[in-house]
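Shown next, in C-alpha cells, is the structure this report addresses.
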Amino acid sequence: MIMMFGGLGAALENRTPDWITGMQEHMMKLDQELRDSGELVASSKLVDPSQAKTVRFQNGAPVPTDGPFAEIKESLAGYWIIDATEERALEVAARVVEYTEFPMEVRQVMHL
Amino acid sequence: MSTDGRWEDLLRVLAPQVLATLVHRYARFDVCEDAVQEALADASRQWPVEGVPDNPRAWLVTAASRSLVDAWRSDSARRRREVMVAALDTSAEVSGHDDTLVLLFLCCHPDLTPPSQLALTLRAVGGLTTAEIAAAFLVPETTMAQRISRAKQRIRGARFALPSAQERPERLNVVLHVLYLMFTEGHTASSGPDLGRADLTAEAIRLTRLLHRLLPGECEVAGLLALMLLTDARRAARTDEAGAIVPLAEQRRNRWDATMIAEGVALVERTLGTGPIGPYQLQAAIAAVHDEAATAQETDWPQILALYDVLAQIAPGPVVTLSRAVAVAEVHGPRAGLAVLGTLDGDDRMAHNHRLEAVRAHLLERAGDVIAAGQAYSRAARMTASLPEQRYLTLRAARILNG
C-alpha cells in the first residue's frame, strides 16, 4: 500500500498552474501504468482532509465533530494498493516524491 | 455493458418482460429475479454461438423457469410439484408493457434507499448483470450483490401490481427521481476519475424513453426525457482531449449532438402547456434555451431567468437558487448574482456543497475581485468529491492566484 498524505491546501499553495497541470499529468500517467501492467489492486483518492469528520469518545459517548483542521499534513490523501515487490512499490513512490517533494509511505498489507 | 451485437440489445429489452411473466406465474419476485439473471447468462453464452432462437422470449421464459425449478429442487416435494405444473403452462402470455411499468414501480419502491432503487432498477428492468452494475458504481461486485439481495428481501411482500390512483403521482415521482439519479450519476460521476460514465447515462435515457412510451400523457416523464437528451447532447464538448472539464460557455458547440437537441426541443415544444407544469419540464426548457444558442453570447438569459423564476416558485430549493443566481448575474450583473448567492450562506443544506463556492468564485472573478475569487475556487476544490472537478477548480485557483 502506497500512501500519500496532506491536503490540497498544503500541497498546492503557491504552485503555478503549469506545475499543477504537470503534477496531475504525472499522477494520471503513473496510475494508468499501474492499471495497464495489472499491478494495481485498488486505489482511491480521498476528499480533502478539511472536509473530514472525526468521531471521538467524549464524556462516555461517541461524538462526531468537524475536522481535523490541524495536522492536515498527516492526513491520508490517497493510496494505491499494488501487487508487487517492496522494491517496485518503493520505486513507484519515488516517482511521485520526485515530482511533488512530499513524503509517501509504503506498507505491506497483512495476510489473512 | 457493451452494446455490440444485436442479441445483447434484444436481451435487455426482453429481460423485464420475462421477469414479469415469471412473477405472474410464481409470485416470488426475489427468486424469479435470480432465475431471470441465470437465463440471461445462459443466453449470452449460447446465442452468440448457436444463433438467436426463433422465439427468444419463450426461450428465456423456459430457461428461467427451469432455473427456478433447479433452485427449488431442494425445497419440499409439494412445492416442486406446483412449480413443475406451472412451468408446463407456457401458453400464459401477458402484456409486456404494463408489466414493465409494474416492475419499474416495484424496483423504485419507497421502502428502498435510492442506491438500492437504482441497483434493482438496473438489474430487473435494465437487464444488467450485478458485475456490470458494480462496475458502473465503482464498488466491488460482492457489495453490489449484497445490496441487490437485501433490496429484494425488503420488497418481498410487495404486491405485483400498479400503484393505486391515489398513490400513483407520488410513486411516479420516485420513479422519475431514480431515473434522474441514474442519469446524473452517469453524467457527472460523483466520485472517481472519469467525469462521465456514459453507460449509466445511456441506460437512464433508454429506460426513460421506455417509460415515456408507456405513459405518453405524463408531462413530467416527457420533460425528464427531454432534459436528459438536451443535457447529454453536450457530452462530447464537456471535456477536452485530456479529459479536463470545459465549462458551458467555453464549449465548442459544433461538437454538440444536433439530433439529440432536435429531439429534446421537439419534446419540450410538444409537452409544455398540455398538462401541469413541473420541475423536469422547466429544467428541460432551460436546457433547450442553452442548446439553441449558436454561441454562448447569444444565450437568451432573460428567458432562462424567467424560467428559473417559475422553477423557484413551484420547486424551491437551494440548488434552484444557486442556478438562478447565475441567470441573475447574466441579466443584472455579477454583483446582483452574488447577492442572490448570499441568501444561501446560512443554509445547512449547502454547507458541504462545493457548487456554491464554485459559482461564487466564478461571479467574483467576473466582478473583478480576483483574490476573493481565487480563494473561493480553492475552497470549492477542497470540498468536491469529484476528481475532474477538483482538478478544474484547483487549476482555476492557481491561474488567478499564482498564474
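How things are named: the first chain in the C-alpha cells is A, the next is B, and so on; residues count from 1 in each chain; ligands count from 1 in the order shown.
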Next on the checklist: What parts of segment 42-244 of chain B does DSSP call alpha helix (DSSP H)? I'd like the answer as a ChimeraX atom specification.
Outcome noted: /B:42-50,56-72,77-88,96-107,114-120,130-136,141-154,168-187,198-214,219-232
Checklist entry - Got a sec to pull out which chain A residues are within 7 Å of chain B, counting only C-alpha atoms, and send them as a VMD selection string? => result chain A and resid 8 14 to 17 20 47 to 48 51
Item to check | Members of chain A assigned strand (DSSP E) by DSSP, as an NGL selection string | outcome: :A and (2-5 or 40-45 or 53-58 or 61-66 or 76-82 or 104-106)
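Atom pair atom CA of Met28 of chain A / atom CA of Trp80 of chain A: separated by 12.3 Å.
Coordinates place atom CA of Pro103 of chain A at a distance of 7.5 Å from atom CA of Phe5 of chain A.
One finds atom CA of Gln153 of chain B at 14.8 Å from atom CA of Val23 of chain B.
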Next on the checklist: Neighbouring residues of Leu322 of chain B were defined as those with any atom within 7 Å, considering only C-alpha atoms; residues of the same chain fewer than 3 positions away were excluded. Please report them as a VMD selection string.
Outcome noted: chain B and resid 318 to 319 325 to 326 341 356
Write the selection just made, keeping all heavy atoms, as a compact mmCIF listing (two decimals), in the first residue's frame?
# COMPACT_ATOMS: atom_id res chain seq x y z
N PRO B 318 -32.33 25.02 -2.50
CA PRO B 318 -31.03 25.71 -2.61
C PRO B 318 -30.36 25.53 -3.97
O PRO B 318 -29.69 26.43 -4.45
CB PRO B 318 -30.20 25.08 -1.49
CG PRO B 318 -30.89 23.83 -1.11
CD PRO B 318 -32.34 24.03 -1.41
N VAL B 319 -30.55 24.36 -4.59
CA VAL B 319 -29.90 24.12 -5.88
C VAL B 319 -30.51 25.01 -6.97
O VAL B 319 -29.81 25.54 -7.84
CB VAL B 319 -29.99 22.63 -6.27
CG1 VAL B 319 -29.36 22.39 -7.63
CG2 VAL B 319 -29.29 21.77 -5.22
N ALA B 325 -29.10 32.19 -9.43
CA ALA B 325 -28.11 33.25 -9.19
C ALA B 325 -27.24 33.48 -10.43
O ALA B 325 -26.88 34.62 -10.75
CB ALA B 325 -27.24 32.88 -7.99
N VAL B 326 -26.91 32.39 -11.13
CA VAL B 326 -26.10 32.52 -12.35
C VAL B 326 -26.88 33.30 -13.41
O VAL B 326 -26.34 34.22 -14.06
CB VAL B 326 -25.72 31.12 -12.90
CG1 VAL B 326 -24.96 31.24 -14.21
CG2 VAL B 326 -24.88 30.36 -11.87
N LEU B 341 -26.69 34.64 -4.15
CA LEU B 341 -25.91 33.58 -3.50
C LEU B 341 -25.84 33.79 -1.99
O LEU B 341 -25.84 32.83 -1.22
CB LEU B 341 -24.47 33.55 -4.04
CG LEU B 341 -24.21 32.91 -5.38
CD1 LEU B 341 -22.71 32.79 -5.59
CD2 LEU B 341 -24.86 31.55 -5.49
N LEU B 356 -21.70 25.85 -4.53
CA LEU B 356 -21.94 27.21 -4.05
C LEU B 356 -20.65 28.02 -4.14
O LEU B 356 -20.63 29.14 -4.66
CB LEU B 356 -22.47 27.17 -2.60
CG LEU B 356 -22.64 28.52 -1.91
CD1 LEU B 356 -23.58 29.44 -2.67
CD2 LEU B 356 -23.16 28.33 -0.47
